[in-house]
file my_file.pdb (PDB, C-alpha atoms)
MODEL        1
ATOM      1  CA  MET A  14       9.804 -13.641   7.956  1.00  0.00           C
ATOM      2  CA  GLN A  15       7.050 -12.229   5.786  1.00  0.00           C
ATOM      3  CA  SER A  16       3.525 -12.749   7.098  1.00  0.00           C
ATOM      4  CA  SER A  17       2.137 -16.160   6.180  1.00  0.00           C
ATOM      5  CA  LEU A  18      -0.791 -17.027   3.931  1.00  0.00           C
ATOM      6  CA  GLN A  19      -4.164 -16.832   5.618  1.00  0.00           C
ATOM      7  CA  PRO A  20      -6.092 -20.019   4.780  1.00  0.00           C
ATOM      8  CA  LYS A  21      -9.537 -18.401   4.886  1.00  0.00           C
ATOM      9  CA  SER A  22      -9.042 -15.148   3.021  1.00  0.00           C
ATOM     10  CA  PRO A  23     -12.233 -13.107   2.503  1.00  0.00           C
ATOM     11  CA  ALA A  24     -13.549 -12.816  -1.038  1.00  0.00           C
ATOM     12  CA  PRO A  25     -11.691 -10.160  -3.057  1.00  0.00           C
ATOM     13  CA  VAL A  26     -13.260  -6.708  -3.155  1.00  0.00           C
ATOM     14  CA  ASP A  27     -14.405  -5.610  -6.622  1.00  0.00           C
ATOM     15  CA  GLY A  28     -12.493  -2.766  -8.275  1.00  0.00           C
ATOM     16  CA  LEU A  29      -9.003  -1.780  -9.286  1.00  0.00           C
ATOM     17  CA  HIS A  30      -5.907  -2.592  -7.254  1.00  0.00           C
ATOM     18  CA  VAL A  31      -3.816   0.546  -6.773  1.00  0.00           C
ATOM     19  CA  GLY A  32      -0.451   0.643  -5.031  1.00  0.00           C
ATOM     20  CA  ILE A  33       1.055   3.898  -3.765  1.00  0.00           C
ATOM     21  CA  ILE A  34       4.648   4.600  -2.787  1.00  0.00           C
ATOM     22  CA  MET A  35       4.030   7.408  -0.312  1.00  0.00           C
ATOM     23  CA  ASP A  36       7.193   9.458  -0.785  1.00  0.00           C
ATOM     24  CA  GLY A  37       8.216  12.971   0.198  1.00  0.00           C
ATOM     25  CA  ASN A  38       7.136  13.422   3.826  1.00  0.00           C
ATOM     26  CA  GLY A  39      10.586  14.545   4.980  1.00  0.00           C
ATOM     27  CA  ARG A  40      11.218  16.884   2.044  1.00  0.00           C
ATOM     28  CA  TRP A  41       7.746  18.385   2.406  1.00  0.00           C
ATOM     29  CA  ALA A  42       8.487  19.201   6.036  1.00  0.00           C
ATOM     30  CA  THR A  43      11.977  20.559   5.351  1.00  0.00           C
ATOM     31  CA  ARG A  44      10.690  22.933   2.667  1.00  0.00           C
ATOM     32  CA  GLN A  45       8.230  24.345   5.175  1.00  0.00           C
ATOM     33  CA  GLY A  46      10.722  24.622   7.999  1.00  0.00           C
ATOM     34  CA  LEU A  47       9.062  21.828   9.970  1.00  0.00           C
ATOM     35  CA  SER A  48      10.419  18.713  11.623  1.00  0.00           C
ATOM     36  CA  ARG A  49      10.471  15.430   9.710  1.00  0.00           C
ATOM     37  CA  LEU A  50       8.058  14.081  12.311  1.00  0.00           C
ATOM     38  CA  ARG A  51       5.526  16.733  11.295  1.00  0.00           C
ATOM     39  CA  GLY A  52       5.959  15.574   7.710  1.00  0.00           C
ATOM     40  CA  HIS A  53       5.130  12.004   8.680  1.00  0.00           C
ATOM     41  CA  GLU A  54       2.109  13.202  10.677  1.00  0.00           C
ATOM     42  CA  ALA A  55       0.894  15.088   7.600  1.00  0.00           C
ATOM     43  CA  GLY A  56       1.438  11.883   5.628  1.00  0.00           C
ATOM     44  CA  VAL A  57      -0.992  10.049   7.922  1.00  0.00           C
ATOM     45  CA  GLU A  58      -3.575  12.750   7.196  1.00  0.00           C
ATOM     46  CA  ALA A  59      -3.062  12.096   3.475  1.00  0.00           C
ATOM     47  CA  ILE A  60      -3.696   8.387   4.063  1.00  0.00           C
ATOM     48  CA  ARG A  61      -7.066   9.234   5.597  1.00  0.00           C
ATOM     49  CA  ARG A  62      -8.011  11.389   2.592  1.00  0.00           C
ATOM     50  CA  VAL A  63      -7.050   8.772   0.030  1.00  0.00           C
ATOM     51  CA  VAL A  64      -8.680   5.861   1.860  1.00  0.00           C
ATOM     52  CA  GLU A  65     -11.913   7.859   2.031  1.00  0.00           C
ATOM     53  CA  ALA A  66     -11.770   8.790  -1.671  1.00  0.00           C
ATOM     54  CA  ALA A  67     -10.644   5.469  -3.150  1.00  0.00           C
ATOM     55  CA  PRO A  68     -13.922   3.480  -3.247  1.00  0.00           C
ATOM     56  CA  ASP A  69     -15.837   6.212  -5.071  1.00  0.00           C
ATOM     57  CA  GLN A  70     -13.114   6.275  -7.711  1.00  0.00           C
ATOM     58  CA  GLY A  71     -13.361   2.585  -8.565  1.00  0.00           C
ATOM     59  CA  VAL A  72     -10.577   1.320  -6.304  1.00  0.00           C
ATOM     60  CA  GLY A  73     -11.276  -1.956  -4.535  1.00  0.00           C
ATOM     61  CA  THR A  74      -7.795  -2.704  -3.168  1.00  0.00           C
ATOM     62  CA  LEU A  75      -5.323  -0.054  -2.030  1.00  0.00           C
ATOM     63  CA  THR A  76      -1.780  -1.063  -1.058  1.00  0.00           C
ATOM     64  CA  LEU A  77       0.269   1.656   0.666  1.00  0.00           C
ATOM     65  CA  TYR A  78       4.047   1.460   1.129  1.00  0.00           C
ATOM     66  CA  ALA A  79       4.495   2.752   4.664  1.00  0.00           C
ATOM     67  CA  PHE A  80       7.842   1.336   5.817  1.00  0.00           C
ATOM     68  CA  SER A  81      10.299  -0.713   3.777  1.00  0.00           C
ATOM     69  CA  SER A  82      12.763  -3.220   5.194  1.00  0.00           C
ATOM     70  CA  ASP A  83      15.512  -0.776   4.191  1.00  0.00           C
ATOM     71  CA  ASN A  84      13.944   1.971   6.307  1.00  0.00           C
ATOM     72  CA  TRP A  85      15.445   0.456   9.467  1.00  0.00           C
ATOM     73  CA  ARG A  86      18.652   2.223   8.354  1.00  0.00           C
ATOM     74  CA  ARG A  87      17.102   5.626   9.003  1.00  0.00           C
ATOM     75  CA  PRO A  88      18.064   7.530  12.169  1.00  0.00           C
ATOM     76  CA  ARG A  89      16.863   5.736  15.277  1.00  0.00           C
ATOM     77  CA  ALA A  90      14.747   8.665  16.446  1.00  0.00           C
ATOM     78  CA  GLU A  91      12.929   8.848  13.099  1.00  0.00           C
ATOM     79  CA  VAL A  92      12.256   5.099  13.082  1.00  0.00           C
ATOM     80  CA  ALA A  93      10.894   5.317  16.633  1.00  0.00           C
ATOM     81  CA  ALA A  94       8.619   8.185  15.579  1.00  0.00           C
ATOM     82  CA  LEU A  95       7.336   6.202  12.590  1.00  0.00           C
ATOM     83  CA  MET A  96       6.581   3.197  14.785  1.00  0.00           C
ATOM     84  CA  ALA A  97       4.769   5.460  17.250  1.00  0.00           C
ATOM     85  CA  LEU A  98       2.654   6.851  14.408  1.00  0.00           C
ATOM     86  CA  LEU A  99       1.811   3.325  13.289  1.00  0.00           C
ATOM     87  CA  ARG A 100       0.764   2.458  16.826  1.00  0.00           C
ATOM     88  CA  VAL A 101      -1.456   5.558  17.008  1.00  0.00           C
ATOM     89  CA  TYR A 102      -2.977   4.856  13.584  1.00  0.00           C
ATOM     90  CA  LEU A 103      -3.908   1.311  14.575  1.00  0.00           C
ATOM     91  CA  ALA A 104      -5.482   2.550  17.802  1.00  0.00           C
ATOM     92  CA  SER A 105      -7.361   5.520  16.382  1.00  0.00           C
ATOM     93  CA  GLU A 106      -8.518   4.453  12.916  1.00  0.00           C
ATOM     94  CA  VAL A 107     -10.065   1.018  13.463  1.00  0.00           C
ATOM     95  CA  ASP A 108     -13.532   2.310  14.389  1.00  0.00           C
ATOM     96  CA  SER A 109     -13.578   4.529  11.296  1.00  0.00           C
ATOM     97  CA  LEU A 110     -12.421   1.677   9.054  1.00  0.00           C
ATOM     98  CA  VAL A 111     -15.171  -0.578  10.421  1.00  0.00           C
ATOM     99  CA  ARG A 112     -17.846   2.107   9.918  1.00  0.00           C
ATOM    100  CA  ASN A 113     -16.745   2.632   6.324  1.00  0.00           C
ATOM    101  CA  GLY A 114     -16.460  -1.037   5.424  1.00  0.00           C
ATOM    102  CA  VAL A 115     -12.665  -1.031   5.028  1.00  0.00           C
ATOM    103  CA  ARG A 116     -10.789  -4.273   5.607  1.00  0.00           C
ATOM    104  CA  LEU A 117      -7.234  -3.723   6.831  1.00  0.00           C
ATOM    105  CA  THR A 118      -4.357  -6.086   6.106  1.00  0.00           C
ATOM    106  CA  VAL A 119      -0.724  -5.396   7.023  1.00  0.00           C
ATOM    107  CA  ILE A 120       1.878  -7.101   4.827  1.00  0.00           C
ATOM    108  CA  GLY A 121       5.575  -7.568   5.577  1.00  0.00           C
ATOM    109  CA  ARG A 122       7.499  -8.798   8.583  1.00  0.00           C
ATOM    110  CA  ARG A 123       6.109  -8.491  12.100  1.00  0.00           C
ATOM    111  CA  ASP A 124       8.833 -10.119  14.160  1.00  0.00           C
ATOM    112  CA  ARG A 125      11.021  -6.983  14.133  1.00  0.00           C
ATOM    113  CA  LEU A 126       8.299  -4.497  15.094  1.00  0.00           C
ATOM    114  CA  PRO A 127       8.522  -2.905  18.557  1.00  0.00           C
ATOM    115  CA  GLY A 128       6.618  -4.475  21.428  1.00  0.00           C
ATOM    116  CA  GLY A 129       2.853  -4.620  21.085  1.00  0.00           C
ATOM    117  CA  ILE A 130       2.570  -3.450  17.472  1.00  0.00           C
ATOM    118  CA  ALA A 131       2.245  -6.936  15.985  1.00  0.00           C
ATOM    119  CA  ASP A 132      -0.568  -7.693  18.435  1.00  0.00           C
ATOM    120  CA  ALA A 133      -2.258  -4.387  17.599  1.00  0.00           C
ATOM    121  CA  ILE A 134      -2.069  -5.273  13.897  1.00  0.00           C
ATOM    122  CA  GLY A 135      -3.726  -8.615  14.565  1.00  0.00           C
ATOM    123  CA  ARG A 136      -6.540  -6.971  16.523  1.00  0.00           C
ATOM    124  CA  ALA A 137      -7.114  -4.376  13.794  1.00  0.00           C
ATOM    125  CA  GLU A 138      -7.208  -7.031  11.092  1.00  0.00           C
ATOM    126  CA  ALA A 139      -9.681  -9.111  13.077  1.00  0.00           C
ATOM    127  CA  ALA A 140     -11.925  -6.121  13.784  1.00  0.00           C
ATOM    128  CA  THR A 141     -12.088  -5.071  10.115  1.00  0.00           C
ATOM    129  CA  GLN A 142     -12.153  -8.470   8.434  1.00  0.00           C
ATOM    130  CA  SER A 143     -15.779  -8.185   7.260  1.00  0.00           C
ATOM    131  CA  GLY A 144     -15.181  -4.914   5.352  1.00  0.00           C
ATOM    132  CA  ARG A 145     -16.316  -5.106   1.711  1.00  0.00           C
ATOM    133  CA  THR A 146     -16.041  -1.511   0.504  1.00  0.00           C
ATOM    134  CA  LEU A 147     -12.241  -1.334   0.295  1.00  0.00           C
ATOM    135  CA  HIS A 148      -9.338  -3.644   1.052  1.00  0.00           C
ATOM    136  CA  LEU A 149      -6.599  -1.485   2.561  1.00  0.00           C
ATOM    137  CA  ARG A 150      -3.186  -3.167   2.621  1.00  0.00           C
ATOM    138  CA  ILE A 151      -0.354  -1.384   4.437  1.00  0.00           C
ATOM    139  CA  ALA A 152       3.191  -2.574   3.783  1.00  0.00           C
ATOM    140  CA  VAL A 153       5.325  -2.391   6.941  1.00  0.00           C
ATOM    141  CA  ASP A 154       8.873  -3.791   7.169  1.00  0.00           C
ATOM    142  CA  TYR A 155       8.184  -4.941   3.631  1.00  0.00           C
ATOM    143  CA  SER A 156      10.455  -6.147   0.821  1.00  0.00           C
ATOM    144  CA  ALA A 157       8.994  -7.538  -2.399  1.00  0.00           C
ATOM    145  CA  ARG A 158      12.195  -9.457  -3.123  1.00  0.00           C
ATOM    146  CA  ASP A 159      12.057 -11.071   0.320  1.00  0.00           C
ATOM    147  CA  ALA A 160       8.388 -11.968  -0.243  1.00  0.00           C
ATOM    148  CA  ILE A 161       9.296 -13.689  -3.523  1.00  0.00           C
ATOM    149  CA  LEU A 162      12.269 -15.444  -1.926  1.00  0.00           C
ATOM    150  CA  ASN A 163      10.150 -16.717   0.966  1.00  0.00           C
ATOM    151  CA  ALA A 164       7.478 -17.918  -1.451  1.00  0.00           C
ATOM    152  CA  ALA A 165      10.120 -19.794  -3.444  1.00  0.00           C
ATOM    153  CA  ALA A 166      11.317 -21.521  -0.271  1.00  0.00           C
ATOM    154  CA  LYS A 167       7.769 -22.601   0.575  1.00  0.00           C
ATOM    155  CA  ALA A 168       7.197 -23.837  -2.982  1.00  0.00           C
ATOM    156  CA  ARG A 169      10.490 -25.703  -3.244  1.00  0.00           C
ATOM    157  CA  ASP A 170       8.947 -29.155  -2.821  1.00  0.00           C
ATOM    158  CA  ALA A 171       5.622 -28.403  -4.498  1.00  0.00           C
ATOM    159  CA  GLY A 172       4.782 -30.290  -7.653  1.00  0.00           C
ATOM    160  CA  GLY A 173       2.972 -28.767 -10.606  1.00  0.00           C
ATOM    161  CA  LEU A 174       3.080 -25.267  -9.137  1.00  0.00           C
ATOM    162  CA  THR A 175       1.021 -22.695 -11.031  1.00  0.00           C
ATOM    163  CA  ARG A 176       1.456 -18.934 -11.225  1.00  0.00           C
ATOM    164  CA  GLU A 177      -1.776 -18.536  -9.280  1.00  0.00           C
ATOM    165  CA  ALA A 178      -0.597 -20.801  -6.463  1.00  0.00           C
ATOM    166  CA  PHE A 179       2.793 -19.091  -6.320  1.00  0.00           C
ATOM    167  CA  SER A 180       1.086 -15.695  -6.269  1.00  0.00           C
ATOM    168  CA  ASP A 181      -0.871 -16.790  -3.200  1.00  0.00           C
ATOM    169  CA  LEU A 182       2.423 -17.620  -1.493  1.00  0.00           C
ATOM    170  CA  VAL A 183       3.988 -14.268  -2.438  1.00  0.00           C
ATOM    171  CA  THR A 184       1.063 -12.108  -1.375  1.00  0.00           C
ATOM    172  CA  GLY A 185      -0.051 -14.128   1.642  1.00  0.00           C
ATOM    173  CA  GLU A 186      -3.633 -14.002   0.401  1.00  0.00           C
ATOM    174  CA  ALA A 187      -5.474 -16.364  -1.924  1.00  0.00           C
ATOM    175  CA  GLY A 188      -6.959 -14.775  -5.030  1.00  0.00           C
ATOM    176  CA  LEU A 189      -5.584 -11.258  -4.560  1.00  0.00           C
ATOM    177  CA  ARG A 190      -5.997  -9.171  -7.708  1.00  0.00           C
ATOM    178  CA  ASP A 191      -2.785  -8.160  -9.454  1.00  0.00           C
ATOM    179  CA  VAL A 192      -1.879  -4.482  -9.209  1.00  0.00           C
ATOM    180  CA  ASP A 193      -3.363  -2.318 -11.964  1.00  0.00           C
ATOM    181  CA  LEU A 194      -1.652   0.988 -11.156  1.00  0.00           C
ATOM    182  CA  ILE A 195       1.344   2.004  -9.062  1.00  0.00           C
ATOM    183  CA  ILE A 196       1.622   5.673  -8.072  1.00  0.00           C
ATOM    184  CA  ARG A 197       4.774   7.236  -6.660  1.00  0.00           C
ATOM    185  CA  THR A 198       4.759  10.731  -5.242  1.00  0.00           C
ATOM    186  CA  SER A 199       7.540  13.344  -4.873  1.00  0.00           C
ATOM    187  CA  GLY A 200       9.063  13.013  -8.349  1.00  0.00           C
ATOM    188  CA  GLU A 201      11.123   9.881  -7.762  1.00  0.00           C
ATOM    189  CA  GLN A 202      10.811   7.304 -10.543  1.00  0.00           C
ATOM    190  CA  ARG A 203      11.650   3.869  -9.174  1.00  0.00           C
ATOM    191  CA  LEU A 204       9.793   0.982  -7.539  1.00  0.00           C
ATOM    192  CA  SER A 205      12.039   0.614  -4.473  1.00  0.00           C
ATOM    193  CA  ASP A 206      11.277  -3.098  -3.951  1.00  0.00           C
ATOM    194  CA  PHE A 207       7.499  -2.600  -3.923  1.00  0.00           C
ATOM    195  CA  LEU A 208       5.001  -5.166  -5.289  1.00  0.00           C
ATOM    196  CA  LEU A 209       7.421  -6.594  -7.852  1.00  0.00           C
ATOM    197  CA  TRP A 210       5.422  -9.791  -8.425  1.00  0.00           C
ATOM    198  CA  GLU A 211       1.902  -8.380  -8.162  1.00  0.00           C
ATOM    199  CA  GLY A 212       2.854  -5.313 -10.211  1.00  0.00           C
ATOM    200  CA  ALA A 213       4.418  -7.165 -13.156  1.00  0.00           C
ATOM    201  CA  TYR A 214       1.931  -5.587 -15.597  1.00  0.00           C
ATOM    202  CA  ALA A 215       0.971  -2.510 -13.604  1.00  0.00           C
ATOM    203  CA  GLU A 216       0.856   0.934 -15.161  1.00  0.00           C
ATOM    204  CA  LEU A 217       3.230   3.386 -13.481  1.00  0.00           C
ATOM    205  CA  HIS A 218       2.284   6.948 -12.585  1.00  0.00           C
ATOM    206  CA  PHE A 219       4.848   9.385 -11.200  1.00  0.00           C
ATOM    207  CA  THR A 220       3.875  12.771  -9.800  1.00  0.00           C
ATOM    208  CA  GLN A 221       5.853  15.693  -8.407  1.00  0.00           C
ATOM    209  CA  ARG A 222       3.270  16.083  -5.644  1.00  0.00           C
ATOM    210  CA  MET A 223       4.671  15.355  -2.185  1.00  0.00           C
ATOM    211  CA  TRP A 224       2.695  12.740  -0.305  1.00  0.00           C
ATOM    212  CA  PRO A 225       1.410  15.082   2.450  1.00  0.00           C
ATOM    213  CA  ASP A 226      -0.218  17.210  -0.293  1.00  0.00           C
ATOM    214  CA  PHE A 227      -1.730  14.238  -2.163  1.00  0.00           C
ATOM    215  CA  ASP A 228      -5.525  14.219  -2.130  1.00  0.00           C
ATOM    216  CA  ALA A 229      -8.629  12.877  -3.864  1.00  0.00           C
ATOM    217  CA  GLY A 230      -8.025  15.091  -6.877  1.00  0.00           C
ATOM    218  CA  ASP A 231      -4.514  13.721  -7.360  1.00  0.00           C
ATOM    219  CA  LEU A 232      -5.841  10.169  -7.138  1.00  0.00           C
ATOM    220  CA  ALA A 233      -8.547  11.003  -9.685  1.00  0.00           C
ATOM    221  CA  GLN A 234      -5.936  12.476 -12.038  1.00  0.00           C
ATOM    222  CA  ALA A 235      -3.763   9.356 -11.828  1.00  0.00           C
ATOM    223  CA  LEU A 236      -6.765   7.100 -12.434  1.00  0.00           C
ATOM    224  CA  ALA A 237      -7.989   9.231 -15.343  1.00  0.00           C
ATOM    225  CA  SER A 238      -4.563   8.949 -16.973  1.00  0.00           C
ATOM    226  CA  PHE A 239      -4.600   5.199 -16.380  1.00  0.00           C
ATOM    227  CA  ARG A 240      -8.082   4.817 -17.845  1.00  0.00           C
ATOM    228  CA  GLY A 241      -7.114   6.833 -20.882  1.00  0.00           C
ATOM    229  CA  ARG A 242      -4.105   4.638 -21.627  1.00  0.00           C
ATOM    230  CA  GLU A 243      -6.070   1.432 -21.079  1.00  0.00           C
ATOM    231  CA  ARG A 244      -8.849   2.551 -23.407  1.00  0.00           C
ATOM    232  CA  ARG A 245      -6.369   3.484 -26.109  1.00  0.00           C
ATOM    233  CA  PHE A 246      -4.339   0.299 -25.886  1.00  0.00           C
ATOM    234  CA  GLY A 247      -6.910  -2.198 -24.598  1.00  0.00           C
ATOM    235  CA  GLY A 248      -7.725  -3.512 -21.137  1.00  0.00           C
ATOM    236  CA  LEU A 249     -10.119  -2.894 -18.284  1.00  0.00           C
ATOM    237  CA  ASP A 250     -12.333  -5.609 -19.738  1.00  0.00           C
ATOM    238  CA  ALA A 251     -13.471  -6.916 -16.373  1.00  0.00           C
ATOM    239  CA  VAL A 252     -13.926  -3.947 -14.043  1.00  0.00           C
ATOM    240  CA  PRO A 253     -16.638  -1.276 -14.338  1.00  0.00           C
ATOM    241  CA  LEU A 254     -15.158   2.043 -13.280  1.00  0.00           C
ATOM    242  CA  ALA A 255     -16.793   5.041 -11.694  1.00  0.00           C
ATOM    243  CA  PRO A 256     -16.348   8.229 -13.724  1.00  0.00           C
ATOM    244  CA  ALA A 257     -13.529  10.481 -12.588  1.00  0.00           C
ATOM    245  CA  PRO A 258     -14.676  13.616 -10.716  1.00  0.00           C
ATOM    246  CA  VAL A 259     -14.787  16.832 -12.731  1.00  0.00           C
ATOM    247  CA  SER A 260     -12.336  19.401 -11.373  1.00  0.00           C
TER     248      SER A 260
ENDMDL
END
call {"tool": "encode", "arguments": {"input": "my_file.pdb", "output": "structure tokens"}}
result
Amino acid sequence: MQSSLQPKSPAPVDGLHVGIIMDGNGRWATRQGLSRLRGHEAGVEAIRRVVEAAPDQGVGTLTLYAFSSDNWRRPRAEVAALMALLRVYLASEVDSLVRNGVRLTVIGRRDRLPGGIADAIGRAEAATQSGRTLHLRIAVDYSARDAILNAAAKARDAGGLTREAFSDLVTGEAGLRDVDLIIRTSGEQRLSDFLLWEGAYAELHFTQRMWPDFDAGDLAQALASFRGRERRFGGLDAVPLAPAPVS
């Protein structure tokens, strides 16, 4: 099942909520004559760059699509490599996240993850729970439709249910800000079962850039485009934004 609602969620971090569908690791590697594993390793390096850059660009919550529920259909060796990378990330990045004030939350199912990973996730979440600079949410074994279905099952007997209360059930976190901007890399233009409830009014930004090449400048470009549209058509009435870097 999807992870359950935490009853004592920390106060939301100020700033925009940006979701990223990190696509193109395999194609990036193939074009360079490298293994798909090397592409996924380069993708982890891109995560580090974007997490470091996000707070200075007005992002308070960053949700990254790392592994969908459909990704279990990939070749067994590739899935094993992805799980190994997740294990390494959880072991190696926690100290850096704590130093930089980043709170980590992993959304999605945990019961199907290989041995020890669910426990490692819990330890990482506990260690970073006081972070107030950025809320980093990583979607692993995640399906937005399953999250909505599970929330509906929990709400079945509830009376007078509000959108806000149902949103808490979908996201697993009370008071989470709706998604402002969804970015997808590699040229694909679909949501692939990502943040369907939270992203109901999100702006969509598609880029040809492969995820391993994505950096702070690409994030700034996507946010600048978003800001421009919002200022033309109205919005951003509650969040002060840092100016985009000059390239």
call {"tool": "closest_residue", "arguments": {"input": "my_file.pdb", "among": "A:Pro225, A:Arg145, A:Gly200, A:Leu194", "to": "Glu243 of chain A", "atoms": "all atoms listed in the file"}}
result
A:Leu194
call {"tool": "residues_around", "arguments": {"input": "my_file.pdb", "residues": "Leu182 of chain A", "least_positions_apart": "3", "cutoff": "6 Å", "atoms": "all atoms listed in the file", "output": "list in words"}}
result
Ala164, Phe179 and Gly185 of chain A
call {"tool": "residues_around", "arguments": {"input": "my_file.pdb", "residues": "segment 68-78 of chain A", "least_positions_apart": "3", "cutoff": "7 Å", "atoms": "all atoms listed in the file", "output": "number ranges by chain"}}
result
A: 26-35, 146-152, 233, 254-255, 257
call {"tool": "residues_near_point", "arguments": {"input": "my_file.pdb", "point": "(8.4, 19.3, 1.3)", "cutoff": "12 Å", "atoms": "only C-alpha atoms", "output": "list in words"}}
result
Asp36, Gly37, Asn38, Gly39, Arg40, Trp41, Ala42, Thr43, Arg44, Gln45, Gly46, Leu47, Ser48, Arg49, Arg51, Gly52, His53, Ala55, Gly56, Thr198, Ser199, Gly200, Gln221, Arg222, Met223, Trp224, Pro225, Asp226 and Phe227 of chain A
call {"tool": "atom_distance", "arguments": {"input": "my_file.pdb", "atom1": "atom CA of Arg112 of chain A", "atom2": "atom CA of Phe80 of chain A"}}
result
26.0 Å
call {"tool": "resolve_selection", "arguments": {"input": "my_file.pdb", "expression": "the PyMOL selection byres ((chain A and resi 119-129) around 9)", "output": "PyMOL selection string"}}
result
chain A and resi 14-16+81-82+93+96+100+117-118+130-135+138+149-157+160+184-185
call {"tool": "axis_aligned_box", "arguments": {"input": "my_file.pdb", "around": "segment 92-106 of chain A", "padding_each_side": "8 Å", "output": "JSON"}}
result
{"center_x": 1.9, "center_y": 4.7, "center_z": 15.2, "size_x": 36.8, "size_y": 22.9, "size_z": 21.2}
call {"tool": "residues_near_point", "arguments": {"input": "my_file.pdb", "point": "(-5.0, 7.0, 9.2)", "cutoff": "7 Å", "atoms": "only C-alpha atoms", "output": "JSON, numbers by chain"}}
result
{"A": [57, 58, 60, 61, 102, 106]}
call {"tool": "closest_residue", "arguments": {"input": "my_file.pdb", "among": "A:Ala213, A:Ile196, A:Val183, A:Val101", "to": "Ser238 of chain A", "atoms": "only C-alpha atoms"}}
result
A:Ile196
call {"tool": "resolve_selection", "arguments": {"input": "my_file.pdb", "expression": "the PyMOL selection byres ((chain A and resi 235) around 9)", "output": "PyMOL selection string"}}
result
chain A and resi 194+196+218-220+230-234+236-240
call {"tool": "atom_distance", "arguments": {"input": "my_file.pdb", "atom1": "atom CA of Thr141 of chain A", "atom2": "atom CA of Glu186 of chain A"}}
result
15.7 Å
call {"tool": "build_atoms", "arguments": {"input": "my_file.pdb", "residues": "segment 72-77 of chain A", "atoms": "all heavy atoms", "output": "PDB file, in the frame of the given file"}}
result
ATOM      1  N   VAL A  72     -11.673   2.088  -6.895  1.00  0.00           N
ATOM      2  CA  VAL A  72     -10.577   1.320  -6.304  1.00  0.00           C
ATOM      3  C   VAL A  72     -11.153   0.337  -5.294  1.00  0.00           C
ATOM      4  O   VAL A  72     -11.878   0.716  -4.379  1.00  0.00           O
ATOM      5  CB  VAL A  72      -9.554   2.257  -5.618  1.00  0.00           C
ATOM      6  CG1 VAL A  72      -8.442   1.444  -4.965  1.00  0.00           C
ATOM      7  CG2 VAL A  72      -8.979   3.240  -6.629  1.00  0.00           C
ATOM      8  N   GLY A  73     -10.818  -0.936  -5.462  1.00  0.00           N
ATOM      9  CA  GLY A  73     -11.276  -1.956  -4.535  1.00  0.00           C
ATOM     10  C   GLY A  73     -10.202  -2.396  -3.558  1.00  0.00           C
ATOM     11  O   GLY A  73     -10.493  -2.788  -2.431  1.00  0.00           O
ATOM     12  N   THR A  74      -8.929  -2.334  -4.014  1.00  0.00           N
ATOM     13  CA  THR A  74      -7.795  -2.704  -3.168  1.00  0.00           C
ATOM     14  C   THR A  74      -6.763  -1.593  -3.256  1.00  0.00           C
ATOM     15  O   THR A  74      -6.388  -1.162  -4.354  1.00  0.00           O
ATOM     16  CB  THR A  74      -7.174  -4.042  -3.614  1.00  0.00           C
ATOM     17  OG1 THR A  74      -8.174  -5.061  -3.574  1.00  0.00           O
ATOM     18  CG2 THR A  74      -6.015  -4.439  -2.713  1.00  0.00           C
ATOM     19  N   LEU A  75      -6.298  -1.141  -2.110  1.00  0.00           N
ATOM     20  CA  LEU A  75      -5.323  -0.054  -2.030  1.00  0.00           C
ATOM     21  C   LEU A  75      -4.156  -0.520  -1.173  1.00  0.00           C
ATOM     22  O   LEU A  75      -4.330  -0.812   0.011  1.00  0.00           O
ATOM     23  CB  LEU A  75      -5.974   1.180  -1.409  1.00  0.00           C
ATOM     24  CG  LEU A  75      -5.118   2.430  -1.231  1.00  0.00           C
ATOM     25  CD1 LEU A  75      -4.696   3.003  -2.591  1.00  0.00           C
ATOM     26  CD2 LEU A  75      -5.866   3.484  -0.423  1.00  0.00           C
ATOM     27  N   THR A  76      -2.971  -0.630  -1.785  1.00  0.00           N
ATOM     28  CA  THR A  76      -1.780  -1.063  -1.058  1.00  0.00           C
ATOM     29  C   THR A  76      -0.848   0.125  -0.891  1.00  0.00           C
ATOM     30  O   THR A  76      -0.411   0.716  -1.886  1.00  0.00           O
ATOM     31  CB  THR A  76      -1.059  -2.208  -1.786  1.00  0.00           C
ATOM     32  OG1 THR A  76      -1.959  -3.303  -1.968  1.00  0.00           O
ATOM     33  CG2 THR A  76       0.148  -2.680  -0.991  1.00  0.00           C
ATOM     34  N   LEU A  77      -0.544   0.483   0.351  1.00  0.00           N
ATOM     35  CA  LEU A  77       0.269   1.656   0.666  1.00  0.00           C
ATOM     36  C   LEU A  77       1.608   1.216   1.230  1.00  0.00           C
ATOM     37  O   LEU A  77       1.669   0.405   2.150  1.00  0.00           O
ATOM     38  CB  LEU A  77      -0.457   2.540   1.686  1.00  0.00           C
ATOM     39  CG  LEU A  77      -1.855   3.023   1.288  1.00  0.00           C
ATOM     40  CD1 LEU A  77      -2.463   3.859   2.416  1.00  0.00           C
ATOM     41  CD2 LEU A  77      -1.819   3.830  -0.008  1.00  0.00           C
TER      42      LEU A  77
END
